[in-house]
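With mmCIF, C-alpha atoms (C1' of nucleotides) inside, this is coords_34.cif:
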```cif
data_input
#
loop_
_atom_site.label_atom_id
_atom_site.label_comp_id
_atom_site.auth_asym_id
_atom_site.auth_seq_id
_atom_site.Cartn_x
_atom_site.Cartn_y
_atom_site.Cartn_z
CA MET A 1 -23.90 -14.33 -24.17
CA PRO A 2 -20.84 -12.25 -23.92
CA GLU A 3 -17.41 -12.96 -25.23
CA GLY A 4 -15.40 -10.09 -26.67
CA HIS A 5 -17.13 -10.04 -30.04
CA THR A 6 -20.49 -9.40 -28.34
CA ILE A 7 -19.06 -6.49 -26.39
CA HIS A 8 -17.64 -4.88 -29.51
CA ARG A 9 -20.94 -5.36 -31.26
CA TYR A 10 -22.84 -3.68 -28.47
CA ALA A 11 -20.34 -0.83 -28.51
CA ARG A 12 -20.84 -0.35 -32.21
CA GLU A 13 -24.64 -0.27 -31.87
CA HIS A 14 -24.71 1.96 -28.84
CA ARG A 15 -22.31 4.35 -30.49
CA ARG A 16 -24.50 4.48 -33.53
CA TRP A 17 -27.66 5.29 -31.62
CA LEU A 18 -26.46 7.24 -28.62
CA ARG A 19 -23.23 9.06 -29.40
CA GLY A 20 -23.62 12.80 -29.48
CA ARG A 21 -27.15 12.63 -28.02
CA ALA A 22 -28.52 13.74 -24.70
CA VAL A 23 -29.60 10.44 -23.17
CA GLU A 24 -32.36 9.72 -20.69
CA VAL A 25 -30.74 7.42 -18.14
CA SER A 26 -32.69 5.49 -15.53
CA SER A 27 -32.54 2.30 -13.48
CA PRO A 28 -35.99 0.66 -13.51
CA GLN A 29 -34.71 -1.98 -11.08
CA GLY A 30 -33.30 0.69 -8.78
CA ARG A 31 -29.91 -0.84 -8.15
CA PHE A 32 -28.16 1.79 -10.25
CA ALA A 33 -30.51 4.63 -9.36
CA ALA A 34 -27.86 7.01 -8.00
CA GLY A 35 -25.56 6.60 -10.98
CA ALA A 36 -28.43 6.86 -13.42
CA GLY A 37 -29.58 10.07 -11.79
CA LEU A 38 -26.15 11.54 -12.21
CA LEU A 39 -25.96 10.69 -15.92
CA ASP A 40 -29.56 11.50 -16.83
CA GLY A 41 -29.75 14.09 -19.57
CA ARG A 42 -26.04 14.18 -20.28
CA THR A 43 -24.57 13.76 -23.73
CA LEU A 44 -22.76 10.50 -24.46
CA LEU A 45 -19.40 11.20 -26.05
CA ALA A 46 -17.92 7.75 -26.72
CA VAL A 47 -18.31 4.02 -26.19
CA ASP A 48 -15.05 2.10 -25.82
CA PRO A 49 -15.03 -1.69 -25.75
CA TYR A 50 -12.00 -3.43 -24.29
CA GLY A 51 -12.00 -7.20 -23.89
CA LYS A 52 -15.25 -7.96 -22.10
CA HIS A 53 -15.58 -4.45 -20.68
CA LEU A 54 -17.52 -1.44 -21.94
CA PHE A 55 -16.65 2.14 -21.05
CA TYR A 56 -19.18 4.90 -21.81
CA ARG A 57 -17.75 8.42 -21.72
CA TRP A 58 -20.12 11.22 -20.83
CA GLU A 59 -20.12 14.96 -21.02
CA GLY A 60 -18.63 16.26 -17.77
CA GLY A 61 -16.12 13.42 -17.51
CA ALA A 62 -18.18 10.62 -15.98
CA ILE A 63 -17.33 7.09 -17.09
CA LEU A 64 -19.91 4.31 -17.00
CA HIS A 65 -18.35 0.87 -16.76
CA VAL A 66 -20.36 -2.22 -17.73
CA HIS A 67 -19.25 -5.84 -17.48
CA LEU A 68 -21.87 -8.39 -18.46
CA GLY A 69 -20.49 -11.36 -16.58
CA LEU A 70 -22.11 -14.65 -17.41
CA TYR A 71 -25.73 -13.57 -17.59
CA GLY A 72 -25.78 -9.94 -18.54
CA GLY A 73 -27.18 -8.66 -21.79
CA PHE A 74 -28.54 -5.64 -23.62
CA ARG A 75 -31.74 -5.35 -25.58
CA ILE A 76 -32.54 -2.50 -27.82
CA PHE A 77 -35.99 -1.33 -28.85
CA GLY A 78 -36.89 1.60 -30.96
CA THR A 79 -38.41 3.51 -33.77
CA VAL A 80 -36.73 2.61 -37.01
CA ARG A 81 -37.86 3.88 -40.39
CA GLY A 82 -41.00 5.19 -38.74
CA GLU A 83 -41.99 1.87 -37.21
CA GLN A 84 -41.77 0.81 -33.62
CA GLY A 85 -39.66 -2.29 -33.43
CA PRO A 86 -37.63 -4.46 -31.11
CA ILE A 87 -34.01 -4.25 -32.10
CA ARG A 88 -32.25 -7.43 -31.16
CA GLY A 89 -28.71 -6.50 -30.39
CA GLU A 90 -27.00 -9.70 -31.28
CA GLN A 91 -28.55 -11.51 -34.15
CA GLU A 92 -29.84 -9.25 -36.83
CA PRO A 93 -28.72 -6.05 -38.43
CA ILE A 94 -30.09 -3.30 -36.29
CA ASP A 95 -32.32 -1.80 -38.96
CA ALA A 96 -33.91 -5.01 -40.22
CA GLN A 97 -36.57 -5.43 -37.57
CA GLN A 98 -40.15 -6.59 -37.50
CA PRO A 99 -42.86 -4.01 -36.88
CA TYR A 100 -43.76 -3.90 -33.23
CA ALA A 101 -46.75 -2.35 -31.56
CA GLU A 102 -44.92 -0.58 -28.77
CA VAL A 103 -41.85 -0.76 -26.62
CA PRO A 104 -42.72 -3.25 -23.86
CA PRO A 105 -42.30 -2.29 -20.21
CA PRO A 106 -38.90 -3.09 -18.74
CA THR A 107 -38.42 -6.49 -17.10
CA PRO A 108 -38.00 -6.32 -13.30
CA GLY A 109 -34.28 -6.98 -13.65
CA THR A 110 -33.55 -3.99 -15.84
CA ARG A 111 -30.55 -2.39 -14.18
CA LEU A 112 -30.04 0.40 -16.67
CA GLN A 113 -32.11 2.04 -19.35
CA LEU A 114 -30.72 4.44 -21.94
CA GLY A 115 -33.25 6.28 -24.02
CA THR A 116 -33.49 8.77 -26.85
CA SER A 117 -36.41 9.69 -29.09
CA GLU A 118 -35.30 6.84 -31.37
CA VAL A 119 -34.27 3.94 -29.16
CA THR A 120 -34.60 2.40 -25.74
CA ILE A 121 -31.61 0.30 -24.68
CA ARG A 122 -31.93 -1.95 -21.64
CA LEU A 123 -29.32 -3.76 -19.60
CA ALA A 124 -30.12 -6.71 -17.31
CA GLY A 125 -28.02 -9.03 -15.19
CA PRO A 126 -24.58 -7.40 -15.44
CA THR A 127 -21.76 -8.19 -13.04
CA ALA A 128 -20.74 -4.53 -13.10
CA CYS A 129 -22.69 -1.39 -13.88
CA GLU A 130 -20.92 1.45 -12.10
CA LEU A 131 -19.49 4.93 -12.41
CA LEU A 132 -15.73 5.23 -12.47
CA ASP A 133 -13.21 8.01 -12.39
CA PRO A 134 -10.21 7.84 -14.72
CA ASP A 135 -8.15 6.07 -12.05
CA GLY A 136 -10.79 3.41 -11.70
CA GLU A 137 -10.77 2.81 -15.42
CA ALA A 138 -6.98 2.72 -15.46
CA ARG A 139 -6.97 0.07 -12.75
CA ILE A 140 -9.25 -2.15 -14.79
CA ARG A 141 -7.32 -1.66 -18.01
CA ALA A 142 -4.03 -2.32 -16.29
CA ARG A 143 -5.10 -5.89 -15.63
CA LEU A 144 -6.20 -6.61 -19.18
CA GLY A 145 -3.99 -8.11 -21.86
CA PRO A 146 -4.28 -7.12 -25.52
CA ASP A 147 -7.75 -7.26 -27.07
CA PRO A 148 -7.56 -9.26 -30.32
CA LEU A 149 -10.41 -7.23 -31.81
CA ARG A 150 -8.54 -3.96 -31.52
CA ARG A 151 -6.47 -2.96 -34.49
CA ASP A 152 -3.50 -2.15 -32.25
CA ALA A 153 -3.56 -5.54 -30.45
CA ASP A 154 -0.01 -6.50 -29.57
CA GLY A 155 0.48 -10.17 -30.41
CA GLU A 156 4.05 -10.10 -29.15
CA ALA A 157 2.85 -9.12 -25.69
CA VAL A 158 0.56 -12.15 -25.70
CA ALA A 159 3.37 -14.41 -26.90
CA ALA A 160 5.63 -13.11 -24.15
CA ALA A 161 2.97 -13.63 -21.48
CA LEU A 162 2.46 -17.23 -22.62
CA ARG A 163 6.19 -17.94 -22.57
CA ARG A 164 6.20 -16.92 -18.89
CA ARG A 165 3.42 -19.34 -17.95
CA THR A 166 3.65 -23.03 -17.22
CA THR A 167 -0.12 -23.29 -16.74
CA PRO A 168 -2.07 -25.07 -19.46
CA ILE A 169 -2.71 -23.02 -22.57
CA GLY A 170 -6.41 -23.66 -22.05
CA ALA A 171 -6.21 -21.85 -18.71
CA ALA A 172 -3.97 -19.05 -19.99
CA LEU A 173 -6.39 -18.17 -22.80
CA LEU A 174 -9.16 -17.50 -20.27
CA ASP A 175 -6.87 -15.32 -18.18
CA GLN A 176 -7.87 -11.77 -19.12
CA ASN A 177 -4.40 -10.59 -18.05
CA VAL A 178 -2.91 -12.53 -20.93
CA VAL A 179 -5.44 -11.72 -23.62
CA ALA A 180 -8.74 -9.90 -23.15
CA GLY A 181 -12.02 -11.01 -24.66
CA ILE A 182 -11.69 -14.77 -25.06
CA GLY A 183 -14.28 -16.92 -23.30
CA ASN A 184 -15.05 -20.59 -23.09
CA VAL A 185 -16.35 -21.02 -26.64
CA PHE A 186 -13.42 -19.37 -28.38
CA ARG A 187 -10.96 -21.20 -26.12
CA ALA A 188 -12.39 -24.56 -27.16
CA GLU A 189 -12.76 -23.75 -30.83
CA ALA A 190 -9.48 -21.93 -31.41
CA LEU A 191 -7.43 -24.69 -29.76
CA PHE A 192 -9.24 -27.33 -31.80
CA VAL A 193 -8.68 -25.52 -35.11
CA CYS A 194 -5.00 -25.16 -34.26
CA GLY A 195 -4.61 -28.78 -33.15
CA ILE A 196 -3.36 -27.81 -29.70
CA ALA A 197 -4.36 -29.77 -26.58
CA PRO A 198 -5.83 -27.48 -23.89
CA LEU A 199 -3.59 -29.08 -21.27
CA ARG A 200 -0.32 -28.32 -23.05
CA PRO A 201 1.74 -25.93 -20.91
CA ALA A 202 1.56 -22.41 -22.37
CA ASN A 203 5.34 -22.03 -22.40
CA LEU A 204 5.71 -25.14 -24.57
CA LEU A 205 3.93 -23.65 -27.57
CA ASP A 206 6.46 -23.13 -30.32
CA ARG A 207 6.48 -20.11 -32.60
CA ASP A 208 4.37 -21.80 -35.27
CA ASP A 209 1.79 -22.87 -32.72
CA PHE A 210 1.54 -19.37 -31.35
CA ASP A 211 1.32 -17.68 -34.73
CA ARG A 212 -1.46 -20.01 -35.82
CA LEU A 213 -3.29 -19.56 -32.55
CA TRP A 214 -3.09 -15.77 -32.58
CA THR A 215 -4.22 -15.56 -36.19
CA THR A 216 -7.09 -17.96 -35.48
CA ILE A 217 -8.22 -16.04 -32.40
CA ARG A 218 -8.18 -12.74 -34.24
CA SER A 219 -10.12 -14.06 -37.21
CA MET A 220 -12.64 -16.01 -35.08
CA LEU A 221 -13.44 -12.99 -32.95
CA ALA A 222 -13.65 -10.74 -36.01
CA GLU A 223 -16.00 -13.19 -37.68
CA GLY A 224 -18.09 -13.37 -34.51
CA LEU A 225 -18.30 -9.59 -34.49
CA ARG A 226 -19.30 -9.51 -38.15
CA ARG A 227 -21.97 -12.21 -37.87
CA GLY A 228 -23.19 -11.39 -34.39
CA LYS A 229 -22.75 -14.99 -33.26
CA ILE A 230 -20.06 -17.59 -32.95
CA VAL A 231 -19.87 -19.91 -35.96
CA THR A 232 -16.52 -21.60 -36.17
CA VAL A 233 -17.28 -24.66 -38.29
CA GLU A 234 -16.21 -24.38 -41.92
CA PRO A 235 -18.94 -25.35 -44.39
CA ALA A 236 -16.87 -28.36 -45.50
CA ASP A 237 -16.98 -29.73 -41.96
CA VAL A 238 -20.75 -29.53 -41.51
CA GLY A 239 -22.17 -33.02 -41.96
CA ARG A 240 -25.06 -32.19 -44.22
CA ARG A 241 -25.81 -29.19 -46.28
CA SER A 242 -27.96 -27.07 -44.05
CA ARG A 243 -30.12 -24.34 -45.34
CA GLY A 244 -30.86 -21.37 -43.19
CA ARG A 245 -29.59 -21.01 -39.68
CA LEU A 246 -27.44 -23.55 -37.93
CA ARG A 247 -28.51 -24.99 -34.61
CA ALA A 248 -26.22 -24.20 -31.72
CA ASP A 249 -24.60 -27.65 -31.80
CA GLN A 250 -23.92 -27.31 -35.52
CA ARG A 251 -21.90 -24.13 -35.19
CA HIS A 252 -18.96 -25.53 -33.25
CA TYR A 253 -16.29 -28.20 -33.60
CA VAL A 254 -16.02 -29.27 -29.97
CA TYR A 255 -17.71 -26.75 -27.67
CA ARG A 256 -20.64 -28.46 -25.88
CA ARG A 257 -20.16 -31.59 -28.00
CA ALA A 258 -18.87 -33.94 -25.29
CA GLY A 259 -19.24 -37.56 -26.38
CA LEU A 260 -20.21 -36.66 -29.94
CA PRO A 261 -17.90 -37.62 -32.81
CA CYS A 262 -15.23 -35.11 -33.81
CA ARG A 263 -16.20 -33.48 -37.10
CA ARG A 264 -12.76 -34.16 -38.53
CA CYS A 265 -11.86 -37.65 -37.29
CA ALA A 266 -14.96 -39.07 -35.54
CA THR A 267 -13.17 -39.65 -32.22
CA ALA A 268 -15.48 -38.87 -29.30
CA VAL A 269 -15.01 -35.31 -28.05
CA ARG A 270 -13.81 -35.16 -24.45
CA ALA A 271 -14.89 -32.68 -21.78
CA PHE A 272 -13.06 -31.86 -18.55
CA GLU A 273 -12.68 -29.03 -16.08
CA LEU A 274 -9.94 -26.50 -16.78
CA ALA A 275 -9.66 -23.12 -15.06
CA ALA A 276 -13.08 -23.67 -13.44
CA ARG A 277 -14.84 -24.04 -16.79
CA THR A 278 -15.62 -27.01 -18.96
CA ALA A 279 -13.00 -27.53 -21.64
CA TYR A 280 -13.67 -29.56 -24.79
CA ALA A 281 -11.15 -31.23 -27.06
CA CYS A 282 -10.63 -34.02 -29.55
CA PRO A 283 -7.90 -36.33 -28.20
CA THR A 284 -6.86 -37.29 -31.74
CA CYS A 285 -6.83 -33.89 -33.44
CA GLN A 286 -5.32 -32.18 -30.39
CA PRO A 287 -2.51 -34.48 -29.21
CA GLN A 288 -0.63 -33.53 -26.06
"C1'" DG B 1 -44.77 -24.14 -16.14
"C1'" DG B 2 -40.68 -25.62 -13.44
"C1'" DG B 3 -35.79 -26.81 -13.43
"C1'" DT B 4 -31.38 -26.07 -15.03
"C1'" DG B 5 -27.36 -24.54 -17.12
"C1'" DA B 6 -24.68 -20.70 -19.31
"C1'" DT B 7 -20.17 -17.54 -23.81
"C1'" DG B 8 -17.68 -14.61 -16.18
"C1'" DC B 9 -15.55 -12.96 -12.38
"C1'" DT B 10 -14.77 -11.82 -7.40
"C1'" DG B 11 -13.62 -12.43 -2.84
"C1'" DA B 12 -13.54 -15.29 1.27
"C1'" DG B 13 -11.17 -19.05 3.31
"C1'" DT C 1 -10.78 -23.92 -4.33
"C1'" DC C 2 -15.35 -22.73 -4.26
"C1'" DA C 3 -19.66 -20.28 -3.24
"C1'" DG C 4 -22.10 -16.45 -4.72
"C1'" DC C 5 -23.84 -13.19 -7.79
"C1'" DC C 6 -28.04 -12.56 -11.09
"C1'" DT C 7 -30.98 -13.14 -15.39
"C1'" DC C 8 -32.94 -15.66 -19.08
"C1'" DA C 9 -33.23 -19.19 -22.79
"C1'" DC C 10 -34.04 -23.66 -23.37
"C1'" DC C 11 -35.33 -28.28 -22.20
"C1'" DC C 12 -38.50 -31.44 -20.47
"C1'" DC C 13 -42.82 -32.55 -18.64
#
```

With the file now loaded, output its structure as structure tokens.
Amino acid sequence: MPEGHTIHRYAREHRRWLRGRAVEVSSPQGRFAAGAGLLDGRTLLAVDPYGKHLFYRWEGGAILHVHLGLYGGFRIFGTVRGEQGPIRGEQEPIDAQQPYAEVPPPTPGTRLQLGTSEVTIRLAGPTACELLDPDGEARIRARLGPDPLRRDADGEAVAAALRRRTTPIGAALLDQNVVAGIGNVFRAEALFVCGIAPLRPANLLDRDDFDRLWTTIRSMLAEGLRRGKIVTVEPADVGRRSRGRLRADQRHYVYRRAGLPCRRCATAVRAFELAARTAYACPTCQPQ
DNA sequence: GGGTGATGCTGAG
DNA sequence: TCAGCCTCACCCC
């Protein structure tokens, strides 16, 4: 379930468990067998997330590039505090796991497996899992806008890119050239919180609109990274006091809530196609 | 247990 | 613009 916050979270975990270690690398599925063979036994030096991309830097200069696409995901299993346990990458803190009898065999779709004496990390369903040279990485990074989760993210570059575009802001936000790491959920939720209609042309956002939007995007992604999931609804806007975890449809203002009442004004949330994905908006709270 | 949709992107036409 | 990629969680029966 990868938007940028998920990628940064994976990077943080993989860094924690693999950096500085000699890693057993394999491809149970076989589709990355050659690359895995080349990396097997090497020491991992760094894991760099950028937007929705992950770059793993290995001893000897090899770069492993992973892009999860729509379906891809990592799972992590391992021995923590002396117990075998599944380590769910996304939801829980990595060291708060249930005891587990043994690491299960890889699923048939496991493209990549990274192992140490402590953990087994598995990747399935990625769009990209490939070795790159520095030029290859540079080509990818050249087509990515600023990543709001990086401390050095250049908001002015994003503002300038939006001023040059007459396409709807809801399309521009999904364009990884403009800003890297936003997906369909954050598009819907950030525009709602800022009261901006997805169809408004990007170049018609005024300075206030942009500043609010950029601040919202940065804080939403940071909160997603911190919590390990996307929860955008403020407690005051949740209908009833809910104890424990929120269901998926309780975590968002408009995303996947077509036809349901807006949490702020009760107008029915509208859904429509924008940039080949379903966009969601409240026609009252997000006037054109 | 089967069907379906999903937080993404590419390349052909 | 749209099919294709590729896996899995979730819904419904």

Task: Selection near A:Ile7, 9 Å with only C-alpha atoms (C1' of nucleotides), sequence-local residues under 6 positions removed, as a ChimeraX atom specification - done: /A:49-54,67-68,181,225

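Between atom CA of A:Asp209 and atom CA of A:His252 the separation is 20.9 Å.
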
Open item on the list: I need the output of the PyMOL selection byres ((chain A) within 8 of (chain B)) for this file as number ranges by chain; which residues are they?
Closed with: A: 1-3, 68-71, 127, 183-185

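Minimum atom-to-atom distances from A:Ala159, A:Phe77, A:Phe55, A:Ala153 to A:Ile140 were compared using all atoms listed in the file, and the lowest value belongs to A:Phe55.
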
Could the residues of chain A that have an atom at most 8 Å from chain C be listed as a Markdown table, each with its closest atom pair and the distance in Å to one decimal, counting only C-alpha atoms (C1' of nucleotides) and ordered by chain and ascending residue number?
```
| residue | atom | partner | partner_atom | distance |
| --- | --- | --- | --- | --- |
| A:Tyr71 | CA | C:DT7 | C1' | 5.7 |
| A:Gly72 | CA | C:DT7 | C1' | 6.9 |
| A:Gly109 | CA | C:DT7 | C1' | 7.2 |
| A:Ala124 | CA | C:DT7 | C1' | 6.8 |
| A:Gly125 | CA | C:DT7 | C1' | 5.1 |
| A:Pro126 | CA | C:DC6 | C1' | 7.6 |
| A:Thr127 | CA | C:DC5 | C1' | 7.5 |
```

Box time for stretch 253-263 of chain A: axis-aligned, enclosing all its listed atoms, 8 Å extra on each side; report centre and edge lengths in Å to one decimal, as lines of an AutoDock Vina configuration file.
```
center_x = -17.9
center_y = -32.2
center_z = -31.2
size_x = 21.4
size_y = 26.9
size_z = 27.8
```

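Atom to atom, atom CA of A:Thr43 and atom CA of A:Gly115 stand 11.5 Å apart.
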